[in-house]
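Peer 1: To be precise about what I am sending: the file is called input_15.cif and holds mmCIF, C-alpha atoms and all ligand atoms.
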data_target
#
loop_
_atom_site.label_atom_id
_atom_site.label_comp_id
_atom_site.auth_asym_id
_atom_site.auth_seq_id
_atom_site.Cartn_x
_atom_site.Cartn_y
_atom_site.Cartn_z
CA MET V 17 118.25 64.42 77.87
CA GLY V 18 118.04 60.69 76.99
CA GLU V 19 117.10 59.00 73.77
CA ALA V 20 113.59 60.31 73.58
CA PRO V 21 111.60 58.89 70.69
CA ALA V 22 110.74 61.30 67.91
CA PHE V 23 107.26 62.63 68.34
CA MET V 24 105.05 64.72 66.14
CA VAL V 25 104.17 68.06 67.60
CA ASP V 26 101.78 69.21 64.92
CA ASP V 27 98.05 69.00 65.33
CA LEU V 28 98.09 69.19 69.07
CA HIS V 29 94.65 69.96 70.40
CA THR V 30 93.60 71.86 73.45
CA GLU V 31 93.57 69.54 76.41
CA ASN V 32 91.09 68.84 79.16
CA GLY V 33 88.20 69.94 77.06
CA PHE V 34 88.77 73.62 77.81
CA THR V 35 88.05 76.13 75.14
CA ASN V 36 90.97 77.74 73.38
CA GLY V 37 90.33 80.90 75.33
CA PHE V 38 90.66 83.12 72.31
CA GLY V 39 86.90 83.13 71.90
CA LEU V 40 86.99 81.22 68.64
CA LYS V 41 87.03 77.60 67.65
CA SER V 42 90.48 76.20 67.01
CA LYS V 43 91.29 76.19 63.31
CA GLY V 44 94.44 74.14 63.71
CA CYS V 45 96.41 77.41 64.07
CA GLU V 46 96.89 76.98 67.76
CA THR V 47 99.21 74.82 69.80
CA THR V 48 99.34 73.90 73.46
CA THR V 49 102.53 73.13 75.32
CA THR V 50 102.60 72.01 78.93
CA VAL V 51 105.35 73.08 81.29
CA GLY V 52 104.80 71.83 84.84
CA ASP V 53 101.37 72.93 85.98
CA LYS V 54 100.90 75.35 83.14
CA THR V 55 99.70 74.88 79.59
CA PHE V 56 100.69 77.59 77.12
CA LEU V 57 98.25 78.17 74.30
CA ILE V 58 99.82 79.96 71.36
CA GLY V 59 97.70 81.25 68.49
CA GLY V 60 94.65 83.45 68.26
CA THR V 61 93.17 85.67 65.63
CA ASN V 62 94.98 88.95 66.23
CA GLU V 63 97.67 90.36 63.94
CA ALA V 64 100.37 88.87 66.20
CA LEU V 65 100.51 85.40 67.77
CA GLY V 66 98.79 85.52 71.15
CA VAL V 67 99.55 83.64 74.35
CA LYS V 68 97.20 82.37 77.03
CA ILE V 69 98.06 80.19 80.00
CA TYR V 70 95.94 77.53 81.65
CA ASP V 71 97.04 76.99 85.24
CA LYS V 72 96.08 73.47 86.31
CA SER V 73 96.69 74.22 89.98
CA THR V 74 93.97 76.90 90.00
CA GLY V 75 91.92 75.63 87.07
CA LYS V 76 92.00 79.12 85.60
CA TRP V 77 93.08 80.80 82.39
CA LEU V 78 95.36 83.79 82.63
CA ILE V 79 96.60 86.35 80.16
CA PRO V 80 100.31 86.92 80.71
CA THR V 81 102.28 90.12 80.29
CA VAL V 82 104.01 89.57 76.96
CA LEU V 83 107.49 91.12 76.59
CA GLY V 84 109.37 91.57 73.33
CA LYS V 85 108.15 92.03 69.80
CA GLU V 86 105.55 89.37 69.00
CA PRO V 87 105.72 87.29 65.83
CA LYS V 88 103.13 88.13 63.21
CA ARG V 89 100.27 85.70 62.82
CA CYS V 90 100.83 83.02 60.22
CA LYS V 91 99.11 80.14 58.43
CA GLY V 92 99.96 77.85 61.29
CA HIS V 93 102.86 76.92 63.48
CA SER V 94 104.47 74.10 65.41
CA ALA V 95 105.54 74.36 69.03
CA VAL V 96 108.26 72.36 70.75
CA LEU V 97 109.29 72.69 74.38
CA LEU V 98 113.03 73.10 74.92
CA ASN V 99 114.87 72.81 78.26
CA GLU V 100 111.57 73.27 80.13
CA ASP V 101 112.09 77.04 79.87
CA ARG V 102 111.22 78.07 76.30
CA ILE V 103 108.95 77.00 73.48
CA LEU V 104 110.36 76.88 69.98
CA VAL V 105 107.75 78.14 67.52
CA ILE V 106 108.22 77.31 63.83
CA LYS V 107 105.89 79.36 61.66
CA LYS V 108 104.34 78.12 58.44
CA GLY V 109 104.16 80.24 55.34
CA SER V 110 106.47 83.01 56.55
CA THR V 111 109.68 84.51 55.18
CA PRO V 112 113.07 82.81 55.79
CA ASP V 113 114.09 85.46 58.34
CA ASP V 114 110.83 85.22 60.26
CA CYS V 115 110.01 81.54 60.71
CA ILE V 116 111.84 80.67 63.95
CA TRP V 117 110.73 82.16 67.25
CA PHE V 118 111.09 81.35 70.92
CA LEU V 119 108.53 81.97 73.60
CA GLU V 120 110.47 82.13 76.87
CA VAL V 121 108.33 80.89 79.73
CA ASP V 122 110.79 80.24 82.56
CA THR V 123 114.19 81.70 81.61
CA GLN V 124 116.16 83.98 83.94
CA TYR V 125 114.90 87.01 82.02
CA VAL V 126 111.29 85.92 82.46
CA ARG V 127 111.79 85.08 86.15
CA ASP V 128 113.37 88.50 86.77
CA HIS V 129 110.42 90.22 85.12
CA ASN V 130 107.92 88.00 86.92
CA LYS V 131 109.30 89.41 90.16
CA LYS V 132 109.26 92.99 88.86
CA VAL V 133 105.80 92.86 87.34
CA GLY V 134 104.31 90.64 90.05
CA ALA V 135 102.32 88.77 87.42
CA GLU V 136 102.81 85.99 84.90
CA VAL V 137 105.31 87.04 82.24
CA VAL V 138 106.39 85.46 78.94
CA ALA V 139 108.87 86.89 76.43
CA TRP V 140 109.25 86.51 72.67
CA SER V 141 112.65 86.29 71.02
CA LYS V 142 113.36 85.73 67.34
CA GLY V 143 115.67 82.84 66.43
CA VAL V 144 118.82 83.49 64.39
CA ILE V 145 121.15 81.01 62.72
CA GLY V 146 124.73 81.22 63.98
CA TYR V 147 126.22 83.93 66.15
CA ALA V 148 126.58 87.68 65.67
CA GLU V 149 129.92 89.32 66.26
CA LYS V 150 130.00 90.70 69.76
CA PRO V 151 128.66 94.27 69.95
CA ILE V 152 131.11 96.96 71.07
CA VAL V 153 130.10 99.14 74.00
CA ILE V 154 132.00 102.44 74.18
CA SER V 155 131.77 104.70 77.22
CA GLY V 156 133.65 107.71 78.49
CA PRO V 157 133.04 111.24 79.70
CA SER V 158 131.44 113.85 77.49
CA GLY V 159 134.01 115.39 75.13
CA VAL V 160 136.59 112.59 75.38
CA GLY V 161 136.19 111.70 71.69
CA LYS V 162 133.82 108.69 71.65
CA GLY V 163 131.78 110.05 68.75
CA THR V 164 134.92 110.98 66.81
CA LEU V 165 136.41 107.49 67.21
CA ILE V 166 133.14 105.75 66.32
CA SER V 167 132.70 107.95 63.22
CA LYS V 168 136.20 107.05 62.05
CA LEU V 169 135.51 103.34 62.47
CA MET V 170 132.19 103.54 60.65
CA LYS V 171 133.71 105.60 57.86
CA GLU V 172 136.58 103.17 57.30
CA PHE V 173 134.40 100.04 57.65
CA PRO V 174 130.88 101.04 56.60
CA SER V 175 129.76 97.49 55.81
CA MET V 176 131.18 95.97 58.96
CA PHE V 177 129.84 98.25 61.68
CA GLY V 178 126.47 99.76 62.45
CA PHE V 179 125.63 102.32 65.12
CA SER V 180 122.97 101.63 67.72
CA VAL V 181 120.84 104.77 67.50
CA SER V 182 119.80 105.58 71.07
CA HIS V 183 116.70 107.38 72.25
CA THR V 184 117.13 110.59 74.22
CA THR V 185 115.03 113.33 75.74
CA ARG V 186 117.75 115.93 75.14
CA ALA V 187 117.26 118.46 72.36
CA PRO V 188 119.11 117.85 69.07
CA ARG V 189 122.32 119.83 68.47
CA VAL V 190 122.49 121.99 65.34
CA MET V 191 124.06 119.37 63.06
CA GLU V 192 122.30 116.36 64.55
CA LYS V 193 119.59 114.45 62.69
CA ASP V 194 116.66 112.54 64.17
CA GLY V 195 117.06 108.81 63.55
CA VAL V 196 120.77 109.17 62.74
CA HIS V 197 122.43 110.53 65.88
CA TYR V 198 119.53 109.83 68.22
CA HIS V 199 115.82 109.23 68.21
CA TYR V 200 114.71 112.44 69.93
CA THR V 201 111.72 111.70 72.05
CA GLU V 202 109.35 112.96 74.74
CA ARG V 203 110.09 111.79 78.25
CA SER V 204 106.55 110.41 78.75
CA VAL V 205 106.77 108.35 75.53
CA MET V 206 110.18 107.01 76.44
CA GLU V 207 109.10 106.17 79.97
CA LYS V 208 106.15 104.18 78.64
CA ASP V 209 108.37 102.30 76.18
CA ILE V 210 110.79 101.51 79.01
CA LYS V 211 107.88 100.18 81.07
CA ASP V 212 106.77 98.07 78.11
CA GLY V 213 110.17 96.37 78.04
CA LYS V 214 111.34 97.91 74.76
CA PHE V 215 114.73 99.02 76.13
CA LEU V 216 117.85 96.99 76.68
CA GLU V 217 119.11 99.68 79.06
CA PHE V 218 118.46 103.30 79.96
CA ALA V 219 119.92 105.92 82.29
CA SER V 220 119.55 109.49 83.37
CA VAL V 221 122.65 111.33 82.15
CA HIS V 222 123.42 115.05 82.60
CA GLY V 223 119.73 115.59 83.42
CA ASN V 224 118.29 113.81 80.37
CA LEU V 225 117.03 110.31 79.74
CA TYR V 226 119.03 108.15 77.32
CA GLY V 227 118.36 104.56 76.34
CA THR V 228 119.18 101.75 73.92
CA SER V 229 116.11 100.10 72.46
CA ILE V 230 116.30 96.39 71.75
CA GLU V 231 115.24 97.20 68.21
CA ALA V 232 118.22 99.57 67.73
CA VAL V 233 120.72 96.81 68.47
CA GLU V 234 118.88 94.08 66.59
CA MET V 235 118.42 96.21 63.46
CA VAL V 236 122.20 96.43 63.16
CA ALA V 237 122.69 92.69 63.74
CA ASP V 238 119.88 91.85 61.29
CA ALA V 239 121.73 93.90 58.65
CA GLY V 240 124.72 91.59 59.19
CA LYS V 241 126.77 94.31 60.90
CA ARG V 242 128.58 94.52 64.21
CA CYS V 243 126.82 96.88 66.57
CA ILE V 244 128.51 99.84 68.27
CA LEU V 245 126.90 101.37 71.35
CA ASP V 246 127.92 104.80 72.68
CA ILE V 247 126.45 104.74 76.18
CA ASP V 248 127.33 105.99 79.65
CA VAL V 249 128.81 103.92 82.48
CA GLN V 250 125.42 103.19 84.08
CA GLY V 251 124.17 101.90 80.71
CA ALA V 252 127.31 99.80 80.26
CA ARG V 253 126.69 98.25 83.67
CA SER V 254 123.12 97.32 82.65
CA VAL V 255 124.28 95.81 79.37
CA ARG V 256 126.94 93.83 81.27
CA ALA V 257 124.14 92.38 83.40
CA SER V 258 121.96 91.59 80.38
CA SER V 259 122.08 88.56 78.11
CA LEU V 260 123.91 90.57 75.42
CA GLU V 261 127.54 89.51 75.18
CA ALA V 262 129.65 92.52 74.25
CA ILE V 263 133.15 94.01 74.41
CA PHE V 264 133.27 96.93 76.84
CA ILE V 265 135.74 99.75 76.14
CA PHE V 266 136.21 102.84 78.30
CA ILE V 267 137.77 105.96 76.75
CA CYS V 268 139.76 108.20 79.11
CA PRO V 269 140.95 111.76 78.48
CA PRO V 270 144.67 112.53 78.95
CA SER V 271 143.68 115.09 81.63
CA MET V 272 140.69 117.04 82.95
CA GLN V 273 142.15 120.23 81.45
CA GLU V 274 142.27 118.64 77.99
CA LEU V 275 138.72 117.32 78.43
CA GLU V 276 137.48 120.82 79.26
CA LYS V 277 139.36 122.23 76.29
CA ARG V 278 137.72 119.73 73.91
CA LEU V 279 134.25 120.27 75.32
CA ARG V 280 134.58 124.05 74.99
CA ALA V 281 136.14 123.83 71.53
CA ARG V 282 133.28 121.61 70.33
CA GLY V 283 130.95 124.49 71.13
CA THR V 284 127.78 122.42 71.32
CA GLU V 285 126.82 123.10 74.93
CA LEU V 286 126.01 126.18 76.97
CA GLU V 287 128.27 127.03 79.92
CA GLU V 288 125.92 125.49 82.47
CA GLN V 289 125.87 122.16 80.57
CA ILE V 290 129.65 122.22 80.13
CA LEU V 291 130.13 122.60 83.88
CA LYS V 292 127.64 119.82 84.59
CA ARG V 293 129.41 117.48 82.15
CA LEU V 294 132.80 118.26 83.68
CA ARG V 295 131.47 117.59 87.19
CA ASN V 296 130.00 114.27 86.04
CA ALA V 297 133.20 113.37 84.18
CA LYS V 298 135.14 112.86 87.43
CA ALA V 299 132.68 110.26 88.73
CA GLU V 300 132.45 108.59 85.32
CA ILE V 301 136.23 108.23 85.03
CA GLU V 302 136.42 106.85 88.57
CA GLN V 303 133.70 104.27 87.87
CA GLY V 304 134.94 103.50 84.39
CA THR V 305 138.46 102.74 85.50
CA SER V 306 137.68 100.91 88.75
CA SER V 307 134.32 99.18 88.51
CA GLY V 308 135.37 96.08 86.59
CA ILE V 309 132.68 96.68 83.97
CA PHE V 310 135.13 97.42 81.19
CA ASP V 311 137.37 94.93 79.42
CA HIS V 312 139.70 97.66 78.12
CA THR V 313 140.63 101.28 78.76
CA LEU V 314 141.95 103.48 75.96
CA TYR V 315 143.55 106.91 76.49
CA ASN V 316 142.51 109.33 73.79
CA ASP V 317 145.50 111.66 73.73
CA ASN V 318 146.67 111.43 70.15
CA LEU V 319 143.57 110.67 68.08
CA GLU V 320 145.29 108.56 65.41
CA GLU V 321 147.10 106.43 67.99
CA CYS V 322 143.93 105.92 69.98
CA TYR V 323 142.05 104.96 66.81
CA GLU V 324 144.70 102.38 65.88
CA ASN V 325 144.46 100.90 69.39
CA LEU V 326 140.69 100.76 69.13
CA LYS V 327 140.94 98.90 65.85
CA LYS V 328 143.29 96.38 67.46
CA LEU V 329 140.85 95.80 70.31
CA VAL V 330 138.05 94.98 67.91
CA GLY V 331 140.22 92.62 65.90
CA LEU V 332 141.23 94.92 63.04
CA ASP V 333 144.98 95.04 63.31
CA GLY V 334 145.83 96.17 59.86
CA THR V 335 146.60 92.93 58.04
CA ASN V 336 144.10 91.51 55.55
CA VAL V 337 141.28 93.54 56.96
CA SER V 338 138.55 94.18 54.49
CA ASP V 339 135.23 95.85 55.02
CA GLN V 340 132.89 92.88 54.94
CA GLN V 341 129.31 92.37 55.83
CA THR V 342 128.07 88.96 56.94
CA SER V 343 124.67 88.42 55.44
CA PRO V 344 122.27 86.99 57.96
CA LYS V 345 121.00 83.53 57.11
CA GLY V 346 117.41 82.40 57.15
CA ILE V 347 115.56 79.13 56.57
CA ASP V 348 113.43 78.78 53.48
CA LEU V 349 110.63 76.52 54.68
CA PRO V 350 107.72 75.42 52.51
CA ALA V 351 104.32 76.46 53.84
CA GLU V 352 103.52 72.83 54.61
CA HIS V 353 105.95 70.89 56.77
CA SER V 354 105.88 68.81 59.90
CA VAL V 355 108.10 69.03 62.93
CA SER V 356 109.46 66.47 65.34
CA LYS V 357 112.21 66.42 67.96
CA VAL V 358 114.99 64.00 68.78
CA ASP V 359 117.21 65.07 71.66
CA ASN V 360 118.56 68.50 70.76
CA LYS V 361 117.65 68.20 67.10
CA ILE V 362 114.47 69.49 65.57
CA LEU V 363 113.57 67.63 62.40
CA ILE V 364 111.54 69.58 59.89
CA ASN V 365 110.09 67.35 57.21
CA CYS V 366 109.45 69.45 54.13
CA GLY V 367 108.27 66.64 51.83
CA ALA V 368 104.69 65.71 51.08
CA PRO V 369 103.24 63.58 53.87
CA GLU V 370 103.36 60.39 51.76
CA GLN V 371 107.06 60.87 50.95
CA GLU V 372 109.84 59.09 52.79
CA GLU V 373 110.42 60.79 56.13
CA THR V 374 114.02 61.80 55.41
CA SER V 375 113.65 62.64 51.73
CA ASN V 376 113.44 66.36 52.34
CA LEU V 377 114.55 66.99 55.84
CA ILE V 378 115.92 70.07 57.54
CA VAL V 379 117.70 69.46 60.84
CA MET V 380 117.89 72.27 63.34
CA ASP V 381 120.36 71.80 66.19
CA VAL V 382 119.28 73.70 69.28
CA SER V 383 122.00 72.46 71.64
CA SER V 384 124.04 75.69 71.61
CA LEU V 385 121.49 78.45 72.01
CA LYS V 386 122.76 81.79 73.29
CA GLU V 387 121.37 85.13 74.42
CA GLY V 388 117.58 85.36 73.99
CA ALA V 389 114.97 87.81 75.25
CA PRO V 390 114.98 90.76 75.19
CA GLY V 391 117.09 90.35 72.00
CA ARG V 392 117.44 87.53 69.49
CA THR V 393 118.11 83.89 70.35
CA ARG V 394 121.31 82.95 68.56
CA GLY V 395 123.27 79.80 67.96
CA LEU V 396 120.82 77.82 65.84
CA ASP V 397 122.63 75.40 63.59
CA VAL V 398 120.73 74.25 60.52
CA TYR V 399 121.47 71.41 58.09
CA THR V 400 119.67 69.72 55.20
CA PHE V 401 119.61 66.08 54.25
CA ASP V 402 120.82 65.74 50.69
CA SER V 403 119.13 62.40 50.23
CA PHE V 404 117.73 59.52 52.15
CA SER V 405 120.93 57.49 51.74
CA ASN V 406 123.10 60.18 53.28
CA GLY V 407 121.94 59.44 56.80
CA LEU V 408 122.57 61.88 59.60
CA ASN V 409 126.28 62.15 58.78
CA GLY V 410 125.56 63.17 55.23
CA VAL V 411 124.05 66.49 56.04
CA SER V 412 125.09 69.69 54.36
CA LYS V 413 124.99 73.10 55.98
CA LEU V 414 122.40 75.65 54.95
CA SER V 415 124.04 78.93 54.27
N1 LIG R 1 122.90 104.77 79.16
C1 LIG R 1 122.93 105.37 77.98
N2 LIG R 1 123.75 106.40 77.77
C2 LIG R 1 123.75 106.97 76.54
C3 LIG R 1 122.94 106.52 75.49
N3 LIG R 1 123.18 107.28 74.39
C4 LIG R 1 124.12 108.16 74.76
N4 LIG R 1 124.47 107.98 76.05
C5 LIG R 1 125.46 108.68 76.83
O1 LIG R 1 124.94 109.92 77.23
C6 LIG R 1 126.00 110.84 77.45
C7 LIG R 1 125.67 112.14 76.79
O2 LIG R 1 125.58 111.99 75.40
P1 LIG R 1 125.43 113.26 74.47
O3 LIG R 1 124.33 114.13 75.00
O4 LIG R 1 125.31 112.81 73.06
O5 LIG R 1 126.77 114.05 74.73
P2 LIG R 1 128.31 113.77 74.39
O6 LIG R 1 128.75 112.53 75.05
O7 LIG R 1 128.95 114.97 74.95
O8 LIG R 1 128.45 113.72 72.91
C8 LIG R 1 127.24 110.15 76.88
O9 LIG R 1 127.96 109.60 77.98
C9 LIG R 1 126.70 109.03 76.05
O10 LIG R 1 127.59 107.94 75.99
C10 LIG R 1 122.10 105.40 75.74
O11 LIG R 1 121.36 104.91 74.91
N5 LIG R 1 122.12 104.87 76.99
N1 LIG R 2 142.47 112.94 70.46
C1 LIG R 2 141.89 114.14 70.29
N2 LIG R 2 142.61 115.25 70.34
C2 LIG R 2 142.04 116.46 70.20
N3 LIG R 2 140.73 116.67 69.99
C3 LIG R 2 139.94 115.59 69.95
C4 LIG R 2 140.46 114.26 70.09
N4 LIG R 2 139.43 113.40 70.00
C5 LIG R 2 138.32 114.12 69.80
N5 LIG R 2 138.62 115.44 69.77
C6 LIG R 2 137.67 116.57 69.63
O1 LIG R 2 137.03 116.71 70.90
C7 LIG R 2 135.68 117.10 70.74
C8 LIG R 2 134.81 116.11 71.46
O2 LIG R 2 134.81 114.87 70.76
P1 LIG R 2 133.51 114.01 70.62
O3 LIG R 2 133.85 112.89 69.70
O4 LIG R 2 132.35 114.86 70.26
O5 LIG R 2 133.36 113.49 72.12
P2 LIG R 2 132.25 112.63 72.83
O6 LIG R 2 131.46 111.94 71.77
O7 LIG R 2 133.00 111.68 73.70
O8 LIG R 2 131.42 113.56 73.62
C9 LIG R 2 135.40 117.16 69.26
O9 LIG R 2 135.46 118.52 68.84
C10 LIG R 2 136.54 116.36 68.63
O10 LIG R 2 136.88 116.81 67.36
#
For the structure just supplied, provide its representation as structure tokens.

Peer 2:
Amino acid sequence: MGEAPAFMVDDLHTENGFTNGFGLKSKGCETTTTVGDKTFLIGGTNEALGVKIYDKSTGKWLIPTVLGKEPKRCKGHSAVLLNEDRILVIKKGSTPDDCIWFLEVDTQYVRDHNKKVGAEVVAWSKGVIGYAEKPIVISGPSGVGKGTLISKLMKEFPSMFGFSVSHTTRAPRVMEKDGVHYHYTERSVMEKDIKDGKFLEFASVHGNLYGTSIEAVEMVADAGKRCILDIDVQGARSVRASSLEAIFIFICPPSMQELEKRLRARGTELEEQILKRLRNAKAEIEQGTSSGIFDHTLYNDNLEECYENLKKLVGLDGTNVSDQQTSPKGIDLPAEHSVSKVDNKILINCGAPEQEETSNLIVMDVSSLKEGAPGRTRGLDVYTFDSFSNGLNGVSKLS
């Protein structure tokens, strides 16, 4: 993009004389952003920010299918179009971890869902400063030791790792707790949530439905922890195809006999289920070791050795490794601020309107955005101006 002049994006009014479509007069809490033939109206009076689209080619309003968790309504917001495919929404009067959102209007994710749904689709994604450590996807046949290895890692590094608690339609085992090992759910409820776009991936495994909700992964990242997913090969393939960048590790048993021994010794399944899991194990191992989905394969023969190798793969090779949590950063914005854009920088002026423009300025660099819907949009870089005289080079990082 060239040297576009800074322009104010606040106080945009609905264009072409059309009503705001939300059935109420605009109270300055709504913005319009035009992308090609379409104008996106963001605002409304519901609990969450609403979206309506005016299509100039047909002269009609339409209500899109909205994917992702919507931002809560706020005192007002600014909207800035980025890359012609998403609208940056900066909320006024909200908490530091809740003020930056993106409404995706023409990203790959939205285009894919447009095709699937056969209707206009938009998707919300919350903005996050910096990058999260890559999640770790662990797959392998039932009984190979995935749970055992993950428990060891979480026990040794409780502040560093968090487990993505999946949803499943299978019944809980004796020692399993709802919300800890799985969210145990009805098939009809889970199917509806899948339809509503709440799942990053899902699969039918050993006759039950299993799935990773977007919320499950983001809750771990929001707590400043690295997410671990224990999912089957089909799920790993879906995550590979998603916008989530992860490390994929496949765990192999030393032999089928040993796998059977472990499954039987665990004593959590009836004979019929054990046989089903052993039958499925062959196909899983074949796919896991030949499909190109996985970055690494670990053989879980000796547990301690396998655990040490796992630690190496995730960057914990024994020296100077401490159990640290990275606290997620937010932006503390005053309720009143104005927003403008210069190239890939969003300038948020937090001073009173009569103050010098750069006296209290937050600069948000949006040139390195990553991921996005259905999860968070990462890679925001945020700086403050210390003083007017500092100029753009005199910025200091917000942290
Ligand atoms: N695709 C997918 N697979 C999952 C998910 N959660 C668990 N699984 C897989 O489902 C399979 C069965 O899990 P489970 O019933 O707990 O049995 P276990 O593997 O024998 O402990 C395993 O391969 C898990 O990795 C999920 O959210 N998505
Ligand atoms: N390397 C190993 N050697 C022997 N037994 C193991 C090993 N790893 C795990 N186990 C045991 O095998 C059983 C299955 O392990 P588990 O972690 O539940 O597997 P998964 O989660 O892959 O289904 C458990 O009883 C566990 O204690």

Peer 1: Name the residues, by chain letter and number, that sit within 8 Å of ligand LIG 2 (chain R) using only C-alpha atoms and all ligand atoms, and give them as a PyMOL selection string.

Peer 2: chain V and resi 155-166+275+278-279+281-283+316-320+322

Peer 1: Considering all atoms listed in the file, can you say which of V:Leu216, V:Ala351, V:Glu192, V:His183 comes closest to Ala257 of chain V?

Peer 2: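 Nearest candidate to Ala257 of chain V out of V:Leu216, V:Ala351, V:Glu192, V:His183: V:Leu216.
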
Peer 1: Between atom CA of Phe173 of chain V and atom CA of Ala232 of chain V, what is the spacing in Å?

Peer 2: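 Interatomic distance, atom CA of Ala232 of chain V to atom CA of Phe173 of chain V: 19.1 Å.
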
Peer 1: Enumerate, in order of chain and increasing residue number, the residues of segment 151-232 of chain V with an atom no farther than 12 Å from segment 132-147 of chain V, each with its shortest atom pair and distance in Å to one decimal, counting all atoms listed in the file, as CSV.

Peer 2:
residue,atom,partner,partner_atom,distance
V:Pro151,CA,V:Tyr147,CA,11.3
V:Lys211,CA,V:Val133,CA,9.9
V:Asp212,CA,V:Val133,CA,10.6
V:Gly213,CA,V:Ala139,CA,9.7
V:Lys214,CA,V:Ala139,CA,11.4
V:Ile230,CA,V:Ser141,CA,10.8
V:Glu231,CA,V:Ser141,CA,11.6

Peer 1: Determine, using all atoms listed in the file, which residues of chain V have any atom at most 7 Å from an atom of ligand LIG 1 (chain R), and tabulate each with its shortest atom pair and distance in Å to one decimal place, rows ordered by chain and then rising number, as CSV.

Peer 2:
residue,atom,partner,partner_atom,distance
V:Ser155,CA,R:LIG1,O10,5.4
V:Gly156,CA,R:LIG1,O9,6.0
V:Pro157,CA,R:LIG1,O9,5.6
V:Ser158,CA,R:LIG1,O7,3.7
V:Gly159,CA,R:LIG1,O7,5.1
V:Gly163,CA,R:LIG1,O8,6.5
V:Ser182,CA,R:LIG1,O11,4.2
V:His183,CA,R:LIG1,O11,5.9
V:Thr184,CA,R:LIG1,N3,6.9
V:Arg186,CA,R:LIG1,O3,6.8
V:Glu217,CA,R:LIG1,N5,6.3
V:Phe218,CA,R:LIG1,N1,4.7
V:Ala219,CA,R:LIG1,N1,4.5
V:Val221,CA,R:LIG1,O1,5.6
V:His222,CA,R:LIG1,C7,6.9
V:Tyr226,CA,R:LIG1,C10,4.4
V:Gly227,CA,R:LIG1,O11,3.3
V:Thr228,CA,R:LIG1,O11,4.0
V:Asp246,CA,R:LIG1,O10,4.6
V:Ile247,CA,R:LIG1,O10,3.4
V:Asp248,CA,R:LIG1,O9,4.0
V:Val249,CA,R:LIG1,N1,6.8
V:Gln250,CA,R:LIG1,N1,5.7
V:Gly251,CA,R:LIG1,N1,3.5
V:Ala252,CA,R:LIG1,N1,6.7

Peer 1: Hey, can you spit out that residue selection with C-alpha atoms as a PDB file, in the coordinates of the input?

Peer 2:
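Generated file (again.pdb):
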ATOM      1  CA  SER V 155     131.770 104.700  77.220  1.00  0.00           C
ATOM      2  CA  GLY V 156     133.650 107.710  78.490  1.00  0.00           C
ATOM      3  CA  PRO V 157     133.040 111.240  79.700  1.00  0.00           C
ATOM      4  CA  SER V 158     131.440 113.850  77.490  1.00  0.00           C
ATOM      5  CA  GLY V 159     134.010 115.390  75.130  1.00  0.00           C
ATOM      6  CA  GLY V 163     131.780 110.050  68.750  1.00  0.00           C
ATOM      7  CA  SER V 182     119.800 105.580  71.070  1.00  0.00           C
ATOM      8  CA  HIS V 183     116.700 107.380  72.250  1.00  0.00           C
ATOM      9  CA  THR V 184     117.130 110.590  74.220  1.00  0.00           C
ATOM     10  CA  ARG V 186     117.750 115.930  75.140  1.00  0.00           C
ATOM     11  CA  GLU V 217     119.110  99.680  79.060  1.00  0.00           C
ATOM     12  CA  PHE V 218     118.460 103.300  79.960  1.00  0.00           C
ATOM     13  CA  ALA V 219     119.920 105.920  82.290  1.00  0.00           C
ATOM     14  CA  VAL V 221     122.650 111.330  82.150  1.00  0.00           C
ATOM     15  CA  HIS V 222     123.420 115.050  82.600  1.00  0.00           C
ATOM     16  CA  TYR V 226     119.030 108.150  77.320  1.00  0.00           C
ATOM     17  CA  GLY V 227     118.360 104.560  76.340  1.00  0.00           C
ATOM     18  CA  THR V 228     119.180 101.750  73.920  1.00  0.00           C
ATOM     19  CA  ASP V 246     127.920 104.800  72.680  1.00  0.00           C
ATOM     20  CA  ILE V 247     126.450 104.740  76.180  1.00  0.00           C
ATOM     21  CA  ASP V 248     127.330 105.990  79.650  1.00  0.00           C
ATOM     22  CA  VAL V 249     128.810 103.920  82.480  1.00  0.00           C
ATOM     23  CA  GLN V 250     125.420 103.190  84.080  1.00  0.00           C
ATOM     24  CA  GLY V 251     124.170 101.900  80.710  1.00  0.00           C
ATOM     25  CA  ALA V 252     127.310  99.800  80.260  1.00  0.00           C
TER      26      ALA V 252
END

Peer 1: As an exercise, work out the distance from atom CA of Lys208 of chain V to atom CA of Val67 of chain V in Å and give it to one decimal place.

Peer 2: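 Going from atom CA of Lys208 of chain V over to atom CA of Val67 of chain V, I get 22.0 Å.
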
Peer 1: Between atom CA of Ser338 of chain V and atom CA of Val233 of chain V, what is the distance, to one decimal in Å?

Peer 2: 22.8 Å

Peer 1: Hey, what's within 12 Å of Arg189 of chain V if we count all atoms listed in the file and toss same-chain stuff fewer than 2 positions away? As a list in words, please?

Peer 2: Arg186, Ala187, Met191, Glu192, Lys193, Asp194, His197, Tyr198, Tyr200, Arg282, Gly283, Thr284, Glu285 and Leu286 of chain V

Peer 1: Restricting the calculation to all atoms listed in the file, which member of V:Asn325, V:Asn62, V:Ser110, V:Asn99 is positioned closest to Ser384 of chain V?

Peer 2: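 Between V:Asn325, V:Asn62, V:Ser110, V:Asn99, the residue approaching Ser384 of chain V most closely is V:Asn99.
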
Peer 1: Got a sec to check which residues sit within 9 Å of (142.7, 102.3, 63.3), counting only C-alpha atoms, and write them as a list in words?

Peer 2: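 Protein, DNA and RNA residues close to (142.7, 102.3, 63.3): Lys168, Leu169, Glu172, Glu320, Glu321, Cys322, Tyr323, Glu324, Asn325, Leu326, Lys327, Lys328, Leu332, Asp333 and Gly334 of chain V.
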